[in-house]
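Trainee: One structure, as structure tokens, below. Some questions next.
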Amino acid sequence: MESIIPLLAVGELFPRGITPYLLGGLLVGLGAAIIYLATGIIAGASTFLESTLSYVSDVPRFNRFKYVQSRGWRLVFTAGIISGAAIWGLVLHPGIWTTDVQWWRLLGGGFLVGVGTRLGKGCTSGHGVCGVGSLSNTSLVNVATFLVVAIGTAQLVQALGVSP
Amino acid sequence: MAETVRSPWFLPVIYVGGLVFGLGLAISGMARPEVVLDFLQFEDFGLLFVMGGAAVVTGITFAIATRSLNRAPLTGSEYTRRLKDFDRNVLVGGGIFGVGWGLSGICPGAAYASIGIGNYPILWSIVGMFLGAYAQGYWRTLRAGDAADGVESTAD
């Protein structure tokens, strides 16, 4: 692990700088704040999975009132997320970008994200942004859990030589 | 529920909010699995500023709205904070999510945004998320009869 030594230099902690991260984070918060101030709704991104499944599945869990009555605006919210990112990809920073991460990591990781965010009542936006912003103990514990486990997993995958 | 009377501005505002949210995910790099994995592998700590910056904005907004504002103009809903009950599922689900996030470098909002930047391989992750959400919903519906799942599932 020879990469540990240069890590100690402060300049190496942010090889891409800080500005895009901070600006992006402020916009993520602003997007949630716009919806909240106008509607009182605290929007998370992962409930979209269950609410959208209610269109195609008879499983009672997906057809509970809170999913069926919110599925319409959750589709609109997700369309907004895609559109906002497309403004970046088409206008501000033109060019198609695709990941090199292998398909089985994307599929398998996605599956576990689908199980885990629904079982754990939220994801990086629900717990991580809105829950932490609410100073919710439940969210703080969830975020600490997924951060520690994700760091361990990513380090293990790297140590096993899987790249990208 | 206040949702019975909705302003015609309801869906447009949701769309604009999502748009700003997605723009932020794209600018911050969270829509790119490589950037997230670099963070988790301690090669770039910038992601702390994404989650931190976003949580500060929502935190200030929630604090002001719950103390000083009346009701949301487009729905008539009261302003509340996001406070969910703690139980074992919060830990187990967080752990499973953590394995998935560490393996793929992708989370739900960032995955949708990734479509917007033209990253079509991310569809593997989105298919995976729907399968995962379906599997847990199906499994919990099967289990609901045991009443081991608490109050939430008895509504089924």
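Chain lettering (A, B, ...) mirrors the order of the structure tokens, residue numbering begins at 1 for each chain separately, and ligand numbering begins at 1 in order of display.
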Mind checking which residues fall within 12 Å of A:Gly108, counting only C-alpha atoms, ignoring those fewer than 4 positions away in the same chain, and posting them as a list in words?
Mentor: Val101, Gln102, Trp103, Trp104, Leu112, Val113, Gly114 and Val115 of chain A; Ile96, Phe97, Val99, Gly100, Trp101, Gly102, Leu103, Ser104, Gly105, Ile106, Ile122, Trp124, Ser125, Ile126, Val127, Gly128, Met129, Phe130, Leu131 and Gly132 of chain B
Trainee: Given only C-alpha atoms as the basis, pick out the residue of B:Ala72, B:Ala63, B:Ala54, B:Val92 nearest to B:Ser7.
Mentor: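 For B:Ser7, the nearest of the candidates is B:Ala72.
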Trainee: Looking at B:Ala111, B:Thr80, B:Asp87, B:Leu40, which one is nearest to B:Ala65, with distances taken over only C-alpha atoms?
Mentor: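 Answer, going by the shortest atom-to-atom distance: B:Thr80.
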Trainee: Atom CA of B:Gly93 to atom CA of B:Val56: how many Å, to one decimal?
Mentor: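 Separation between atom CA of B:Gly93 and atom CA of B:Val56: 24.7 Å.
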